[in-house]
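The structure under discussion appears below in the form of structure tokens.
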Protein chains: 2
Amino acid sequence: MRVFIAGIDGYLGWPLALHLAQRKHAVGGADLFLRRKWVAEIGSDSVAPILSMSERLAVFKEHYGEALPFYEGDLTDYAFVEHALRDFQPDTIVHLGEMPSAAYSMIDVRHAVFSQVNNLVSTLNILFAMRAVCAGAHLVKMGTMGEYGTPKIDIPEGFFEIEYRGRRDTLPFPRQGGSWYHCSKVHDSNNVMFACRTWGLASTDVMQGVVFGTQIGMTDTDERLVTRLDVDQCFGTVVNRFSAQAVIGYPVTPFGKGHQRRGFIPLRDSIQCMTLTIENPARPGQYRVFNQFAGVYDVEGLALKVQHVGRELGLSVQIRNVENPRIEKEEHDYRPDHQALIDLGYIPTHDIEAELRFMMIDLMRWRDRIESLKTVFTPDIRWDGGRKEVRFISNPQPC
Amino acid sequence: MRVFIAGIDGYLGWPLALHLAQRKHAVGGADLFLRRKWVAEIGSDSVAPILSMSERLAVFKEHYGEALPFYEGDLTDYAFVEHALRDFQPDTIVHLGEMPSAAYSMIDVRHAVFSQVNNLVSTLNILFAMRAVCAGAHLVKMGTMGEYGTPKIDIPEGFFEIEYRGRRDTLPFPRQGGSWYHCSKVHDSNNVMFACRTWGLASTDVMQGVVFGTQIGMTDTDERLVTRLDVDQCFGTVVNRFSAQAVIGYPVTPFGKGHQRRGFIPLRDSIQCMTLTIENPARPGQYRVFNQFAGVYDVEGLALKVQHVGRELGLSVQIRNVENPRIEKEEHDYRPDHQALIDLGYIPTHDIEAELRFMMIDLMRWRDRIESLKTVFTPDIRWDGGRKEVRFISNPQPC
């Protein structure tokens with residue numbers, strides 16, 4: 001298949017490109033390197049030592065023998081998007097090219113507006129360009145489990161059949177985003193659903209859990225292939241941040257009580273799931289939703305797993321809860337379905353502790369890079385609009 | 001109360017300002033006159049002979065003795081919005097300052113992106129400016145009944161309590177917008193709901209039916225106070241378009257079968273309902289949704305009412321269905337609630353035929369203006385992305 005990855009320079013985009021090339025798909029992609037700029041803007045950097053895109057493209061050619069068609073440009077520029085898709089002629093478009101951080105979107109009005117406009121316009125442009133030049137292609141759109149919020153009922157995959165006042169219908173499951181970023185993904189879902197219904201486009205909207213990890217089973221043999229790994233308050237997801245903290249002896253810091261429950265998925269499983277989705281496309285006119293995660297965990301439980309794995313690796317790991325900079329429920333139900341990908345053949349590769357071990361061994365090699373960035377561990381972006389570093393709210397737990 | 005109207009130059013904004021001033025509220029507002037420009041862009045004009053804003057402000061002062069604080073500027077410019085709200089210090093903000101046309105949003109990618117960005121950013125800016133300078137104010141946000149689409153179950157007012165797999169929750173009712181414009185209103189609803197939950201803002205999100213009519217019971221005594229009336233494919237709502245067609249002997253043109261059912265509300269009732277909402281504000285942190293319409297009708301039935309009233313006024317009125325340029329269900333259930341405003345005291349002022357008669361008498365005075373615009377009656381903006389004038393699909397019905 002010909003797969004075009006929007007956001008190919010990112011945490012998910014680059015390893016997906018490698019994995020698809022390994023499976024003999026023809027891969028191309030676009031990026032404007034905004035992720036690198038956003039992370040720099042908030043004073044951080046990837047702790048994994050990633051190459052520039054031109055270096056990445058050279059290593060890609062060395063491994064796979066063929067050049068990867070790369071388009072540098074802005075997905076919010078319609079002419080650029082239409083040109084790239086017309087030139088590449090994809091069977092599948094994987095849209096990973098959005099601003100992915102809740103905290104970044106909550107900084108101030110400028111960041112909120114940027115986050116929503118950037119995400120919404122990139123998706124609109126892709127939908128219009130698909131209709132214009134590759135209407136039969138399949139759009140794999142990266143959303144987030146966070147679109148659903150934390151309702152008191154089970155969370156199905158996108159749609160549910162319900163009875164209300166004696167009549168029945170199958171309707172989109174209500175969305176309740178918990179940040180401007182999460183709301184932007186809800187907006188995208190509504191737009192993509194409308195385009196599929198109205199124009200007959202095919203799309204899979206991926207409600208992904210929180211991704212963590214460094215490995216996809218390829219980069220361990222050639223470190224030049226490694227994907228970025230962020231550990232800051234904006235772009236560092238919780239398990240990656242905990243693991244980096246553990247590696248340098250910084251306390252692992254759950255927000256608030258740490259009882260927030262979420263779906264989590266290792267990076268290599270995310271790549272496996274997206275590959276299954278690409279190789280089993282939606283039908284023309286179909287808008288389907290996959291909940292993409294390996295399991296549900298609470299944040300405190302993950303901190304304990306990081307501590308446990310860290311000890312096995314000879315690290316001394318404390319857990320200290322900090323004030324929650326977010327406004328969110330800290331005690332809640334969470335029962336999301338995730339059957340669709342299992343039905344397509346998804347099998348979690350490792351248990352979570354094994355995956356943590358792979359990551360922490362990588363992170364131990366990059367210890368100096370983490371040390372130089374540890375000031376970014378303490379969040380100060382607050383959901384109430386304030387900007388003030390959070391404080392510890394628990395004493396150190398004995399190691 | 002101090003009421004700030006964003007979009008005060010519009011079809012609803014101007015008569016709302018007059019009505020609130022009559023009730024001794026202090027009224028201010030903002031506009032950039034984009035509605036006038038959009039209507040000109042698609043080759044049309046208000047058939048009601050409206051004054052410029054500077055003339056309107058002079059007549060306002062003549063009637064009410066006080067100047068209306070008017071802020072000319074762009075709601076997508078945060079600094080402008082914050083300045084206006086800080087200066088005016090409203091108790092209530094009525095946000096009518098959005099692009100209100102489904103067809104306009106469907107023209108092409110540029111119009112789709114403009115419609116969504118304009119609407120979403122104006123609302124984000126108002127939410128952030130409220131938090132910054134008038135966090136205790138009440139936001140009355142104009143949405144549309146079209147956010148709900150046409151589900152097979154009853155449509156409650158914003159939220160419903162449901163049981164799913166043996167557990168219960170009260171959740172936002174699923175939205176299924178039928179154009180990029182309708183989706184923009186869904187995005188706004190999600191953003192406003194998030195802001196109320198997270199920042200404790202108070203808002204009423206008004207899911208309004210299709211508005212029609214010229215009269216609010218004041219402009220008949222001084223024509224200089226009249227509000228705009230559009231009859232083109234983009235900004236002319238269906239009943240207004242039918243009435244204008246009838247007045248000049250042009251066939252009344254339902255789209256497709258004409259069995260689409262929608263909620264409808266006369267202009268004067270819309271103003272009455274918004275006034276009730278303003279005078280009975282939401283509580284801090286409350287996000288409430290009102291379905292605002294007088295009754296549910298199908299489009300064919302409304303065409304027959306226009307024909308009936310037209311005949312009483314001595315007009316010869318044909319009905320001829322045209323191809324439906326939209327992609328929408330033409331046979332569907334439609335059972336929306338609309339109890340909240342009735343509980344606040346809303347009583348429909350007239351039956352629909354009486355309201356049609358008031359409008360058509362006004363339109364007969366403006367017959368020459370309508371004659372000069374009749375080329376705008378034939379839609380060519382199609383939901384499939386094409387741009388081609390629709391054809392008649394039925395023979396003339398005998399007058």
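Chain labels A, B, ... are given in the sequence in which chains occur in the structure tokens; within each chain residues are numbered consecutively from 1, and ligands are likewise numbered from 1 in the order shown.
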
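When the distance limit is 8 Å and only C-alpha atoms are what count, the residues near Arg197 of chain B, minus those fewer than 3 positions from it on the same chain, are Met193, Phe194, Gly200, Leu201, Gly285, Gln286 and Tyr287 of chain B.
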
Using only C-alpha atoms, which residues sit within 7 Å of segment 74-76 of chain B once same-chain residues fewer than 6 positions away are excluded, as an NGL selection string? :B and (32 or 118 or 121-122 or 125)

Just list the residues in segment 96-308 of chain A DSSP gives strand (DSSP E) on the backbone, as a ChimeraX atom specification. /A:138-144,159-164,167-172,202-208,210-212,261-266,287-292,295-298

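Using only C-alpha atoms, the shortest contact distance between Leu315 of chain B and any of B:Lys257, B:Tyr11, B:Pro251, B:Pro284 is found at B:Pro251.
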
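The shortest atom-to-atom distance to Glu389 of chain B, with only C-alpha atoms taken into account, belongs to B:Val376 out of B:Cys183, B:Ala340, B:Val47, B:Val376.
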
Pull out every residue of chain B that has at least one atom within 6 Å of chain A, counting only C-alpha atoms, and report them as a PyMOL selection string. chain B and resi 152-153+167+169+172+174+187

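Close contacts of Tyr346 of chain A, defined as residues with an atom at most 7 Å away when counting only C-alpha atoms, with chain neighbours fewer than 3 positions off set aside, comprise A:Cys273, A:Leu341, A:Ile342.
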
Considering only alpha helix (DSSP H) as DSSP defines it on the backbone, what residues of segment 26-104 of chain B qualify? List them as an NGL selection string. :B and (34-41 or 53-64 or 78-88 or 102-104)

Give me a file of those residues, with C-alpha atoms, as a PDB file, in the first residue's frame.
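So the final result, stored in out_33.pdb, reads:
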```pdb
ATOM      1  CA  LEU B  34     -18.964  40.991   7.928  1.00  0.00           C
ATOM      2  CA  ARG B  35     -22.569  39.920   7.366  1.00  0.00           C
ATOM      3  CA  ARG B  36     -23.053  42.842   4.996  1.00  0.00           C
ATOM      4  CA  LYS B  37     -19.866  41.796   3.157  1.00  0.00           C
ATOM      5  CA  TRP B  38     -20.734  38.087   2.942  1.00  0.00           C
ATOM      6  CA  VAL B  39     -24.160  38.861   1.507  1.00  0.00           C
ATOM      7  CA  ALA B  40     -22.563  41.201  -1.056  1.00  0.00           C
ATOM      8  CA  GLU B  41     -19.950  38.522  -1.864  1.00  0.00           C
ATOM      9  CA  MET B  53     -24.415  51.541  11.770  1.00  0.00           C
ATOM     10  CA  SER B  54     -23.647  55.250  12.295  1.00  0.00           C
ATOM     11  CA  GLU B  55     -27.189  56.089  11.191  1.00  0.00           C
ATOM     12  CA  ARG B  56     -28.581  53.315  13.380  1.00  0.00           C
ATOM     13  CA  LEU B  57     -26.721  54.675  16.377  1.00  0.00           C
ATOM     14  CA  ALA B  58     -28.148  58.148  15.750  1.00  0.00           C
ATOM     15  CA  VAL B  59     -31.718  56.811  15.517  1.00  0.00           C
ATOM     16  CA  PHE B  60     -31.122  54.713  18.644  1.00  0.00           C
ATOM     17  CA  LYS B  61     -30.086  57.833  20.557  1.00  0.00           C
ATOM     18  CA  GLU B  62     -33.103  59.709  19.221  1.00  0.00           C
ATOM     19  CA  HIS B  63     -35.440  56.977  20.524  1.00  0.00           C
ATOM     20  CA  TYR B  64     -33.813  56.116  23.851  1.00  0.00           C
ATOM     21  CA  TYR B  78      -8.427  38.703  21.318  1.00  0.00           C
ATOM     22  CA  ALA B  79      -7.101  42.155  22.261  1.00  0.00           C
ATOM     23  CA  PHE B  80     -10.187  43.766  20.737  1.00  0.00           C
ATOM     24  CA  VAL B  81     -12.575  41.462  22.590  1.00  0.00           C
ATOM     25  CA  GLU B  82     -10.853  41.926  25.930  1.00  0.00           C
ATOM     26  CA  HIS B  83     -10.769  45.696  25.467  1.00  0.00           C
ATOM     27  CA  ALA B  84     -14.481  45.899  24.600  1.00  0.00           C
ATOM     28  CA  LEU B  85     -15.568  43.746  27.548  1.00  0.00           C
ATOM     29  CA  ARG B  86     -13.256  45.517  29.977  1.00  0.00           C
ATOM     30  CA  ASP B  87     -14.591  48.869  28.819  1.00  0.00           C
ATOM     31  CA  PHE B  88     -18.290  47.940  28.813  1.00  0.00           C
ATOM     32  CA  ALA B 102     -24.715  26.373   6.127  1.00  0.00           C
ATOM     33  CA  ALA B 103     -24.476  26.944   2.357  1.00  0.00           C
ATOM     34  CA  TYR B 104     -21.756  29.595   2.680  1.00  0.00           C
TER      35      TYR B 104
END
```

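Excluding Gly295 of chain B and any residue on its chain fewer than 4 positions from it, the residues at most 9 Å away by only C-alpha atoms are Gly209, Arg262, Gly263, Phe264, Ile265 and His338 of chain B.
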
Write out as an NGL selection string which residues come within 9 Å of Val289 of chain B when counting only C-alpha atoms, dropping same-chain ones fewer than 2 positions away. :B and (157-159 or 203-207 or 287 or 291 or 340)

Residue neighbourhood His332 of chain A, 8 Å, only C-alpha atoms, exclusion window fewer than 5 positions, as a compact mmCIF listing (two decimals) with all heavy atoms, in the first residue's frame:
```txt
# COMPACT_ATOMS: atom_id res chain seq x y z
N THR A 150 -14.71 11.16 31.36
CA THR A 150 -14.83 10.05 32.32
C THR A 150 -16.29 9.87 32.74
O THR A 150 -16.66 10.18 33.87
CB THR A 150 -13.94 10.31 33.56
OG1 THR A 150 -14.23 11.62 34.07
CG2 THR A 150 -12.47 10.25 33.22
N LYS A 152 -19.94 7.98 33.71
CA LYS A 152 -20.24 6.92 34.69
C LYS A 152 -20.73 5.64 34.03
O LYS A 152 -21.08 4.68 34.73
CB LYS A 152 -21.30 7.43 35.67
CG LYS A 152 -20.81 8.57 36.55
CD LYS A 152 -21.87 8.96 37.58
CE LYS A 152 -21.49 10.26 38.26
NZ LYS A 152 -22.59 11.24 38.22
N GLN A 260 -6.62 8.84 38.99
CA GLN A 260 -7.14 8.96 37.63
C GLN A 260 -6.85 7.68 36.85
O GLN A 260 -5.72 7.18 36.87
CB GLN A 260 -6.45 10.14 36.90
CG GLN A 260 -6.53 11.47 37.61
CD GLN A 260 -5.35 11.70 38.56
OE1 GLN A 260 -4.87 10.78 39.20
NE2 GLN A 260 -4.93 12.95 38.65
N ARG A 261 -7.87 7.16 36.20
CA ARG A 261 -7.71 5.93 35.41
C ARG A 261 -7.72 6.29 33.93
O ARG A 261 -8.54 7.09 33.49
CB ARG A 261 -8.82 4.93 35.73
CG ARG A 261 -8.77 4.42 37.17
CD ARG A 261 -9.98 3.58 37.52
NE ARG A 261 -10.05 2.32 36.79
CZ ARG A 261 -9.29 1.26 37.05
NH1 ARG A 261 -8.41 1.30 38.01
NH2 ARG A 261 -9.42 0.16 36.34
```

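One finds atom CA of Gln22 of chain A at 11.4 Å from atom CA of Gly217 of chain A.
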
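Minimum atom-to-atom distances from A:Thr237, A:Thr144, A:Gln89, A:Thr375 to Pro254 of chain A were compared using only C-alpha atoms, and the lowest value belongs to A:Thr237.
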
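A straight line drawn from atom CA of Ala246 of chain B to atom CA of Gly310 of chain B is 6.6 Å long.
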
Residues at most 7 Å from Arg2 of chain A, counting only C-alpha atoms, excluding those fewer than 6 positions away in the same chain, as a short mmCIF file (atom, residue, chain, number, x, y, z; two decimals) with N, CA, C and O atoms, in the first residue's frame?
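As a result, selection_37.cif now contains:
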```
data_model
loop_
_atom_site.label_atom_id
_atom_site.label_comp_id
_atom_site.auth_asym_id
_atom_site.auth_seq_id
_atom_site.Cartn_x
_atom_site.Cartn_y
_atom_site.Cartn_z
N HIS A 25 5.43 -1.65 2.62
CA HIS A 25 4.55 -0.58 2.13
C HIS A 25 5.40 0.57 1.59
O HIS A 25 6.54 0.76 2.02
N ALA A 26 4.83 1.33 0.66
CA ALA A 26 5.50 2.53 0.14
C ALA A 26 5.09 3.69 1.04
O ALA A 26 3.92 4.02 1.12
N VAL A 27 6.07 4.29 1.70
CA VAL A 27 5.78 5.30 2.73
C VAL A 27 6.26 6.68 2.27
O VAL A 27 7.37 6.81 1.75
N PRO A 90 -1.74 8.53 -2.27
CA PRO A 90 -1.79 7.48 -1.23
C PRO A 90 -3.06 6.62 -1.30
O PRO A 90 -4.10 7.06 -1.78
N ASP A 91 -2.92 5.37 -0.81
CA ASP A 91 -4.10 4.55 -0.51
C ASP A 91 -4.59 4.85 0.91
O ASP A 91 -5.76 4.69 1.22
N THR A 92 -3.63 5.23 1.75
CA THR A 92 -3.94 5.51 3.16
C THR A 92 -3.25 6.81 3.56
O THR A 92 -2.09 7.02 3.21
#
```

Rank nothing, just name the residue among A:Val192, A:Ile42, A:Ala30, A:Leu16 nearest to Gly73 of chain A, using only C-alpha atoms. A:Ala30

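Take atom CA of Gly249 of chain B and atom CA of Gln318 of chain B: the distance between them is 7.7 Å.
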
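Shortest atom-to-atom contact with Ile370 of chain B among B:Asn119, B:Leu229, B:Leu18, B:Gly136: B:Leu229, counting only C-alpha atoms.
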